[in-house]
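**Q** This is start.txt, which holds compact mmCIF, C-alpha atoms:
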```
# COMPACT_ATOMS: atom_id res chain seq x y z
CA MET A 1 0.00 0.00 0.00
CA GLU A 2 1.31 3.44 -0.95
CA GLN A 3 2.28 5.48 2.10
CA LYS A 4 0.13 8.55 2.69
CA PRO A 5 1.93 11.91 2.74
CA PHE A 6 2.24 13.83 5.98
CA LEU A 7 1.05 17.03 4.32
CA SER A 8 -1.55 17.74 1.63
CA VAL A 9 -1.26 21.11 -0.13
CA ILE A 10 -4.37 22.27 -2.00
CA MET A 11 -4.19 24.91 -4.74
CA PRO A 12 -7.28 26.21 -6.59
CA VAL A 13 -6.40 27.34 -10.10
CA TYR A 14 -8.47 29.64 -12.28
CA ASN A 15 -6.98 31.55 -15.23
CA ALA A 16 -3.58 31.69 -13.54
CA GLU A 17 -1.42 30.72 -16.52
CA ALA A 18 1.00 33.60 -15.90
CA TYR A 19 1.65 32.71 -12.26
CA VAL A 20 0.79 29.08 -11.52
CA ALA A 21 4.13 27.54 -12.51
CA ALA A 22 5.99 29.70 -9.98
CA ALA A 23 3.43 28.89 -7.29
CA VAL A 24 3.62 25.13 -7.97
CA ARG A 25 7.42 25.09 -8.03
CA SER A 26 7.58 26.98 -4.73
CA VAL A 27 5.66 24.06 -3.19
CA LEU A 28 7.50 21.21 -4.91
CA ARG A 29 10.88 22.75 -4.05
CA GLN A 30 10.15 22.82 -0.33
CA THR A 31 12.88 21.37 1.86
CA PHE A 32 10.09 19.31 3.42
CA ARG A 33 9.44 16.59 0.84
CA GLU A 34 6.74 14.38 2.36
CA LEU A 35 3.83 16.14 0.72
CA GLU A 36 1.28 15.94 -2.06
CA LEU A 37 0.15 18.95 -4.06
CA ILE A 38 -3.44 18.84 -5.29
CA CYS A 39 -4.15 21.45 -7.97
CA VAL A 40 -7.83 21.95 -8.78
CA ASN A 41 -8.34 23.46 -12.22
CA ASP A 42 -11.61 25.37 -11.90
CA CYS A 43 -12.58 25.53 -15.59
CA SER A 44 -9.73 27.87 -16.52
CA LYS A 45 -10.19 29.51 -19.91
CA ASP A 46 -6.47 30.07 -20.46
CA GLY A 47 -3.55 27.64 -20.57
CA SER A 48 -3.47 26.88 -16.83
CA LEU A 49 -4.34 23.21 -17.28
CA SER A 50 -1.58 22.65 -19.84
CA VAL A 51 0.94 24.25 -17.49
CA LEU A 52 -0.20 21.97 -14.68
CA GLN A 53 0.00 18.87 -16.86
CA ALA A 54 3.57 19.68 -17.86
CA LEU A 55 4.54 20.19 -14.21
CA ALA A 56 2.83 16.95 -13.16
CA ALA A 57 4.94 15.07 -15.70
CA GLU A 58 8.04 16.31 -13.85
CA ASP A 59 6.94 15.44 -10.29
CA SER A 60 4.58 12.63 -9.28
CA ARG A 61 3.63 14.45 -6.06
CA LEU A 62 1.49 16.83 -8.13
CA ARG A 63 -2.08 15.63 -8.67
CA ILE A 64 -4.57 17.47 -10.88
CA ILE A 65 -8.32 17.62 -10.42
CA ASP A 66 -9.99 19.06 -13.51
CA SER A 67 -13.40 20.32 -12.37
CA PRO A 68 -16.06 20.01 -15.11
CA VAL A 69 -17.89 23.10 -13.77
CA ASN A 70 -16.72 26.37 -12.29
CA VAL A 71 -17.19 26.19 -8.52
CA GLY A 72 -15.18 29.20 -7.33
CA ALA A 73 -12.12 29.26 -5.09
CA GLY A 74 -13.90 27.85 -2.03
CA GLY A 75 -15.57 25.11 -4.04
CA ALA A 76 -12.23 24.20 -5.64
CA ARG A 77 -10.63 23.94 -2.21
CA ASN A 78 -13.50 21.68 -1.15
CA LEU A 79 -12.78 19.36 -4.07
CA GLY A 80 -9.17 19.29 -2.92
CA LEU A 81 -10.23 18.50 0.64
CA GLU A 82 -12.23 15.52 -0.58
CA ALA A 83 -9.13 14.13 -2.29
CA ALA A 84 -6.52 15.04 0.35
CA THR A 85 -4.92 12.15 2.24
CA GLY A 86 -2.38 13.99 4.40
CA GLU A 87 -2.27 14.03 8.18
CA TYR A 88 -2.19 17.82 7.94
CA ILE A 89 -3.65 20.04 5.24
CA THR A 90 -2.73 23.49 3.97
CA PHE A 91 -3.41 25.74 1.00
CA VAL A 92 -1.60 27.95 -1.50
CA ASP A 93 -3.13 30.35 -4.01
CA ALA A 94 -2.08 29.97 -7.64
CA ASP A 95 -0.72 33.51 -7.92
CA ASP A 96 1.34 33.48 -4.71
CA SER A 97 4.46 31.63 -3.55
CA ILE A 98 6.08 30.33 -0.36
CA GLU A 99 9.58 30.39 1.10
CA PRO A 100 11.59 27.14 0.63
CA CYS A 101 11.74 26.25 4.34
CA LEU A 102 8.15 27.17 5.26
CA TYR A 103 6.76 23.66 5.62
CA THR A 104 9.90 22.33 7.31
CA THR A 105 9.50 25.06 9.93
CA ALA A 106 5.76 24.53 10.36
CA VAL A 107 5.89 20.72 10.43
CA LYS A 108 8.69 20.75 13.00
CA ALA A 109 6.59 22.92 15.32
CA CYS A 110 3.57 20.75 14.65
CA GLN A 111 5.35 17.50 15.45
CA GLU A 112 7.07 18.84 18.56
CA GLY A 113 3.80 20.06 20.11
CA SER A 114 1.19 17.93 18.34
CA PHE A 115 -0.82 21.07 17.58
CA ASP A 116 -4.19 21.06 15.86
CA GLN A 117 -3.26 24.16 13.89
CA VAL A 118 -0.02 26.00 13.13
CA VAL A 119 -0.23 29.61 11.91
CA TRP A 120 2.50 31.80 10.39
CA GLY A 121 2.87 35.29 8.96
CA LEU A 122 3.24 36.65 5.46
CA THR A 123 4.81 39.28 3.27
CA GLU A 124 2.45 41.40 1.19
CA GLU A 125 3.97 42.14 -2.22
CA HIS A 126 2.22 45.21 -3.62
CA TYR A 127 2.09 45.99 -7.35
CA ASP A 128 0.76 49.00 -9.26
CA PRO A 129 -1.71 48.79 -12.20
CA ARG A 130 1.22 48.44 -14.61
CA GLY A 131 2.51 45.38 -12.80
CA ARG A 132 5.47 47.14 -11.18
CA HIS A 133 6.47 46.14 -7.67
CA ILE A 134 5.82 48.99 -5.23
CA ARG A 135 6.71 47.66 -1.80
CA SER A 136 6.95 44.63 0.47
CA VAL A 137 5.06 44.66 3.77
CA PRO A 138 5.94 41.90 6.26
CA VAL A 139 3.26 40.82 8.74
CA ILE A 140 4.93 38.76 11.46
CA PRO A 141 3.00 37.55 14.52
CA GLU A 142 4.53 36.93 17.93
CA GLU A 143 5.47 33.36 18.76
CA CYS A 144 2.75 31.74 20.83
CA PRO A 145 2.27 28.02 21.49
CA VAL A 146 -1.17 27.40 23.03
CA THR A 147 -1.85 24.13 24.86
CA ASP A 148 -4.59 25.44 27.17
CA PRO A 149 -7.92 25.72 25.25
CA ALA A 150 -8.96 28.60 27.51
CA GLN A 151 -6.25 30.75 25.90
CA LEU A 152 -7.44 30.16 22.33
CA PRO A 153 -9.96 33.04 22.08
CA GLY A 154 -7.38 35.63 23.12
CA VAL A 155 -4.81 34.38 20.63
CA ILE A 156 -7.39 34.17 17.83
CA LEU A 157 -8.45 37.75 18.57
CA GLU A 158 -4.83 38.90 18.28
CA LEU A 159 -4.50 37.06 14.96
CA GLU A 160 -7.70 38.75 13.76
CA ASP A 161 -6.30 42.11 14.85
CA LYS A 162 -3.22 41.49 12.67
CA THR A 163 -5.49 40.33 9.78
CA LEU A 164 -3.93 36.84 9.99
CA PHE A 165 -7.07 34.94 10.98
CA GLY A 166 -8.82 35.69 7.71
CA TYR A 167 -6.61 33.55 5.45
CA GLN A 168 -6.39 29.80 4.91
CA TRP A 169 -2.95 29.64 3.28
CA ASN A 170 -1.03 30.64 6.41
CA SER A 171 -1.97 27.54 8.43
CA LEU A 172 -1.53 23.82 8.78
CA TYR A 173 -4.78 22.13 9.83
CA ARG A 174 -5.08 18.72 11.45
CA GLY A 175 -6.78 16.63 8.79
CA SER A 176 -8.69 14.40 11.20
CA ILE A 177 -10.59 17.42 12.58
CA LEU A 178 -11.54 18.58 9.09
CA ARG A 179 -12.73 15.09 8.16
CA LYS A 180 -14.55 14.23 11.39
CA HIS A 181 -16.59 17.44 11.42
CA GLY A 182 -16.97 17.85 7.66
CA ILE A 183 -15.49 21.34 7.73
CA ARG A 184 -15.65 22.91 4.28
CA PHE A 185 -15.62 26.32 2.63
CA GLU A 186 -19.05 27.84 2.23
CA LYS A 187 -20.07 29.83 -0.82
CA ALA A 188 -19.86 33.49 0.19
CA LEU A 189 -18.89 36.62 -1.70
CA LEU A 190 -16.51 37.61 1.10
CA TYR A 191 -14.75 36.02 4.07
CA GLU A 192 -14.87 32.37 2.97
CA ASP A 193 -11.50 31.83 4.62
CA PHE A 194 -12.54 33.48 7.88
CA PHE A 195 -15.68 31.36 8.27
CA PHE A 196 -13.66 28.22 7.47
CA ASN A 197 -11.13 29.10 10.18
CA LEU A 198 -13.83 29.84 12.72
CA ALA A 199 -15.55 26.52 11.99
CA PHE A 200 -12.21 24.78 12.58
CA ALA A 201 -11.58 26.77 15.77
CA GLU A 202 -14.81 25.43 17.25
CA HIS A 203 -13.23 21.96 17.39
CA MET A 204 -9.53 22.55 18.02
CA GLN A 205 -7.80 22.44 21.39
CA THR A 206 -4.24 23.53 20.61
CA LEU A 207 -2.62 26.13 18.38
CA CYS A 208 0.91 27.32 17.59
CA VAL A 209 1.70 30.74 16.13
CA LEU A 210 5.09 31.05 14.43
CA PRO A 211 6.98 34.37 14.07
CA PHE A 212 7.80 33.60 10.43
CA ASN A 213 6.58 35.39 7.29
CA GLY A 214 6.98 32.38 5.03
CA TYR A 215 4.08 33.12 2.66
CA ARG A 216 4.39 35.69 -0.13
CA TYR A 217 0.98 37.23 -0.83
CA PHE A 218 1.00 39.07 -4.16
CA LYS A 219 -1.48 41.96 -4.16
CA ARG A 220 -1.99 42.89 -7.79
CA VAL A 221 -4.55 45.33 -9.20
CA ASN A 222 -7.17 43.17 -10.91
CA GLY A 223 -10.86 42.41 -10.92
CA SER A 224 -10.90 40.40 -7.70
CA ILE A 225 -13.93 40.45 -5.44
CA THR A 226 -12.05 42.49 -2.84
CA GLN A 227 -11.69 45.35 -5.33
CA THR A 228 -15.27 45.41 -6.68
CA PHE A 229 -18.53 46.78 -5.32
CA THR A 230 -20.22 44.11 -3.20
CA ARG A 231 -23.77 44.77 -2.04
CA ASP A 232 -23.56 42.19 0.73
CA TYR A 233 -20.37 43.72 2.15
CA PHE A 234 -21.88 45.14 5.33
CA ASP A 235 -24.09 42.16 6.16
CA LEU A 236 -21.20 39.72 5.73
CA SER A 237 -18.88 41.99 7.73
CA CYS A 238 -21.35 42.13 10.61
CA ARG A 239 -21.72 38.37 10.45
CA ARG A 240 -17.93 38.06 10.70
CA ILE A 241 -17.85 40.15 13.87
CA SER A 242 -20.97 38.54 15.35
CA GLU A 243 -19.76 34.96 14.88
CA LEU A 244 -16.32 35.65 16.34
CA TYR A 245 -17.96 37.41 19.29
CA GLY A 246 -20.22 34.39 19.76
CA PHE A 247 -17.23 32.06 19.67
CA CYS A 248 -15.50 34.11 22.37
CA GLN A 249 -18.62 34.12 24.52
CA ARG A 250 -18.96 30.34 24.26
CA ARG A 251 -15.32 30.06 25.33
CA GLU A 252 -16.03 32.45 28.27
CA CYS A 253 -13.72 35.19 27.01
CA ASP A 254 -14.77 38.67 28.18
CA SER A 255 -11.52 40.63 28.16
CA ASP A 256 -10.93 44.29 27.35
CA GLY A 257 -9.03 43.09 24.29
CA LEU A 258 -12.19 41.44 22.97
CA TYR A 259 -14.07 44.76 22.92
CA ARG A 260 -11.09 46.75 21.70
CA ILE A 261 -10.39 44.46 18.75
CA LEU A 262 -13.94 43.58 17.70
CA GLY A 263 -15.32 47.04 18.44
CA ASN A 264 -12.71 48.77 16.30
CA ARG A 265 -13.12 46.18 13.56
CA LEU A 266 -16.89 46.83 13.58
CA LEU A 267 -16.32 50.58 13.41
CA ARG A 268 -13.93 50.13 10.49
CA TYR A 269 -16.44 48.02 8.59
CA THR A 270 -19.15 50.59 9.30
CA LEU A 271 -17.00 53.43 7.96
CA SER A 272 -16.39 51.41 4.82
CA ALA A 273 -20.13 50.77 4.49
CA LEU A 274 -20.86 54.50 4.91
CA ARG A 275 -18.39 55.22 2.13
CA ARG A 276 -19.91 52.55 -0.11
CA ASN A 277 -23.39 53.95 0.51
CA VAL A 278 -22.29 57.21 -1.18
CA ASP A 279 -21.15 55.27 -4.24
CA PRO A 280 -23.72 55.71 -7.05
CA ARG A 281 -23.75 51.92 -7.48
CA SER A 282 -25.43 51.62 -4.07
CA GLY A 283 -28.56 53.30 -5.46
CA MET A 284 -29.02 55.19 -2.18
CA ASP A 285 -29.97 58.85 -1.82
CA GLY A 286 -29.38 61.02 1.25
CA HIS A 287 -32.63 60.06 2.94
CA GLN A 288 -31.94 56.36 2.44
CA ARG A 289 -28.44 56.72 3.83
CA LYS A 290 -29.86 58.39 6.94
CA GLN A 291 -32.43 55.63 7.35
CA TRP A 292 -29.70 53.03 6.97
CA PHE A 293 -27.67 54.67 9.71
CA ARG A 294 -30.64 54.81 12.06
CA SER A 295 -31.22 51.09 11.54
CA VAL A 296 -27.54 50.44 12.30
CA CYS A 297 -27.84 52.27 15.61
CA GLN A 298 -30.50 49.75 16.70
CA MET A 299 -28.40 46.66 15.97
CA PRO A 300 -27.64 44.63 19.14
CA LEU A 301 -24.05 44.05 18.03
CA TYR A 302 -23.25 47.75 18.43
CA ARG A 303 -24.78 47.86 21.89
CA GLN A 304 -22.80 44.80 22.89
CA LEU A 305 -19.40 45.95 21.67
CA LEU A 306 -19.18 49.73 21.48
CA PRO A 307 -19.75 50.79 25.13
CA ARG A 308 -16.52 49.00 26.14
CA CYS A 309 -14.58 49.78 22.97
CA ALA A 310 -11.63 52.18 23.14
CA PRO A 311 -11.47 53.69 19.62
CA SER A 312 -8.07 53.35 17.95
CA HIS A 313 -8.56 56.19 15.45
CA PRO A 314 -10.17 59.66 15.64
CA ALA A 315 -12.66 58.70 12.92
CA HIS A 316 -13.62 55.65 14.97
CA ALA A 317 -14.20 57.88 18.00
CA VAL A 318 -16.52 60.17 16.02
CA LEU A 319 -18.44 57.22 14.60
CA ARG A 320 -18.74 55.52 17.99
CA PHE A 321 -20.18 58.71 19.50
CA SER A 322 -22.61 59.08 16.57
CA ILE A 323 -23.88 55.52 16.90
CA LEU A 324 -24.23 55.48 20.68
CA HIS A 325 -26.10 58.80 20.63
CA GLY A 326 -28.07 58.21 17.44
CA ILE A 327 -26.71 61.31 15.66
CA ALA A 328 -26.53 60.70 11.93
CA ALA A 329 -24.88 63.87 10.57
CA PRO A 330 -21.26 63.24 11.69
CA ALA A 331 -21.34 59.62 10.51
CA LEU A 332 -22.80 60.49 7.10
CA LEU A 333 -20.25 63.27 6.67
CA LEU A 334 -17.44 60.81 7.40
CA GLY A 335 -18.81 58.48 4.74
CA ARG A 336 -18.92 61.23 2.12
CA LEU A 337 -15.41 62.46 2.97
CA LEU A 338 -14.01 58.93 2.71
CA PHE A 339 -15.74 58.40 -0.63
CA LEU A 340 -14.24 61.63 -2.02
CA LEU A 341 -10.78 60.68 -0.74
CA LYS A 342 -11.02 57.23 -2.35
CA LYS A 343 -12.08 58.53 -5.77
```
Please, can you express the file's structure as structure tokens?
**A**
Amino acid sequence: MEQKPFLSVIMPVYNAEAYVAAAVRSVLRQTFRELELICVNDCSKDGSLSVLQALAAEDSRLRIIDSPVNVGAGGARNLGLEAATGEYITFVDADDSIEPCLYTTAVKACQEGSFDQVVWGLTEEHYDPRGRHIRSVPVIPEECPVTDPAQLPGVILELEDKTLFGYQWNSLYRGSILRKHGIRFEKALLYEDFFFNLAFAEHMQTLCVLPFNGYRYFKRVNGSITQTFTRDYFDLSCRRISELYGFCQRRECDSDGLYRILGNRLLRYTLSALRRNVDPRSGMDGHQRKQWFRSVCQMPLYRQLLPRCAPSHPAHAVLRFSILHGIAAPALLLGRLLFLLKK
């Protein structure tokens, strides 16, 4: 019987002909060799599949799933999860790359502590519309091995604060937990990765955070969902905050950090929503924007989080005051100013 790999790496591929070879090679050239790479071609219309087939001929650890229908990034990852045989599972996007020693570093930590999840940092590689590299921004968390489940909410909140809890490609996940509980990516316009991680967190007991930015996240100007107008943005953002708050409550976490992090995140999302409401694509006039704000002021989530939230930015302080006192004018003015600045 063929021995199962320790690690399964899943890569969704859609119209990534220009980048996928570099992404695949960054996985296959890892110093840690006991892995399988499952590339899911999600009905690419370019030459992505041909590139994958040529790479698979060079290395038998690369397996290709050619989806007959387009299922989106989350759906492609789900197909990979169904096929994965590794003890641990991780992900890579087809237009990113990883440092050669990433999996050696992560697996070593995993084996030494028998952690359910291992998380690491990243380097954001920013490009302008012409494809020129602008800057590199490292995001490196503090080292933190967690063996006491009671400490998990606090560490997860800190990861969320550093934007590291909202990705799936900066973690190793224990495969048995994913399989036992049927954890999969849901179909959502935003935050698929976040909801996947929170579903996993409900069942894990241990976690290790590594101070290593081993993932290179290429932020290019394109037509991705994060750069388009999304009508469900605010509802999904509130759901993100609400579900993480619920998780912390179930784990009996009620720290000042909880209200600082989630309160400021909620205020940030609200400012973004106020800006988006001014966008002509929202179809909202001034009266409708005021009515929207008044409805926001009545939402229980604001009453739960904002009274104990210490705003981290002057704009957050203005918005917090406006919401808690039901005064629309300052909040609507902030939204218009932000929209004009973003134009």
**Q** Name all residues at most 7 Å from region 152-154 of chain A (count only C-alpha atoms; drop same-chain ones fewer than 6 positions away) and give them as a short mmCIF file (atom, residue, chain, number, x, y, z; two decimals) with C-alpha atoms, in the frame of the given file.
**A**
```
data_model
loop_
_atom_site.label_atom_id
_atom_site.label_comp_id
_atom_site.auth_asym_id
_atom_site.auth_seq_id
_atom_site.Cartn_x
_atom_site.Cartn_y
_atom_site.Cartn_z
CA VAL A 146 -1.17 27.40 23.03
CA CYS A 248 -15.50 34.11 22.37
CA ARG A 251 -15.32 30.06 25.33
CA CYS A 253 -13.72 35.19 27.01
#
```
**Q** List as a PyMOL selection string the protein and nucleic acid residues near Leu198 (chain A), meaning an atom at most 9 Å away when all atoms listed in the file are counted, but skip any in the same chain fewer than 3 places from it.
**A** chain A and resi 165+193-195+201-202+243-244+247
**Q** Tell me, as a ChimeraX atom specification, which residues lie within 12 Å of Ser60 (chain A), counting only C-alpha atoms; anything in the same chain fewer than 6 positions away does not count.
**A** /A:28,33-38,52-54
**Q** Write out, as a PDB file, in the frame of the given file, the residues just selected, with C-alpha atoms.
**A**
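Output (part.pdb):
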```
ATOM      1  CA  LEU A  28       7.500  21.210  -4.910  1.00  0.00           C
ATOM      2  CA  ARG A  33       9.440  16.590   0.840  1.00  0.00           C
ATOM      3  CA  GLU A  34       6.740  14.380   2.360  1.00  0.00           C
ATOM      4  CA  LEU A  35       3.830  16.140   0.720  1.00  0.00           C
ATOM      5  CA  GLU A  36       1.280  15.940  -2.060  1.00  0.00           C
ATOM      6  CA  LEU A  37       0.150  18.950  -4.060  1.00  0.00           C
ATOM      7  CA  ILE A  38      -3.440  18.840  -5.290  1.00  0.00           C
ATOM      8  CA  LEU A  52      -0.200  21.970 -14.680  1.00  0.00           C
ATOM      9  CA  GLN A  53       0.000  18.870 -16.860  1.00  0.00           C
ATOM     10  CA  ALA A  54       3.570  19.680 -17.860  1.00  0.00           C
TER      11      ALA A  54
END
```
**Q** When you count all atoms listed in the file, which of these residues is closest to Tyr103 (chain A): A:Ala329, A:Leu210, A:Ile65, A:Leu190?
**A**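 Residue with the minimum atom-to-atom distance to Tyr103 (chain A): A:Leu210.
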**Q** Using Å and a single decimal, report how far CA of Met299 (chain A) sits from CA of Leu332 (chain A).
**A**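 Here the two named atoms are 17.4 Å from each other.
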**Q** Counting all atoms listed in the file, which residue out of A:Pro211, A:Gly75, A:Gly113, A:Pro12 sits closest to Ser48 (chain A)?
**A**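 The shortest atom-to-atom distance to Ser48 (chain A) comes from A:Pro12.
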**Q** Tell me, in Å to one decimal, how far CA of Ser322 (chain A) is from CA of Tyr233 (chain A).
**A** 21.2 Å
**Q** Could you check which of A:Gln304, A:Thr31, A:Gln291, A:Gln205 is closest to Asp254 (chain A), using only C-alpha atoms?
**A** A:Gln304
**Q** Counting all atoms listed in the file, figure out which residue out of A:Asp148, A:Leu157, A:His325, A:Leu337 gets nearest to Gly263 (chain A).
**A** A:Leu157
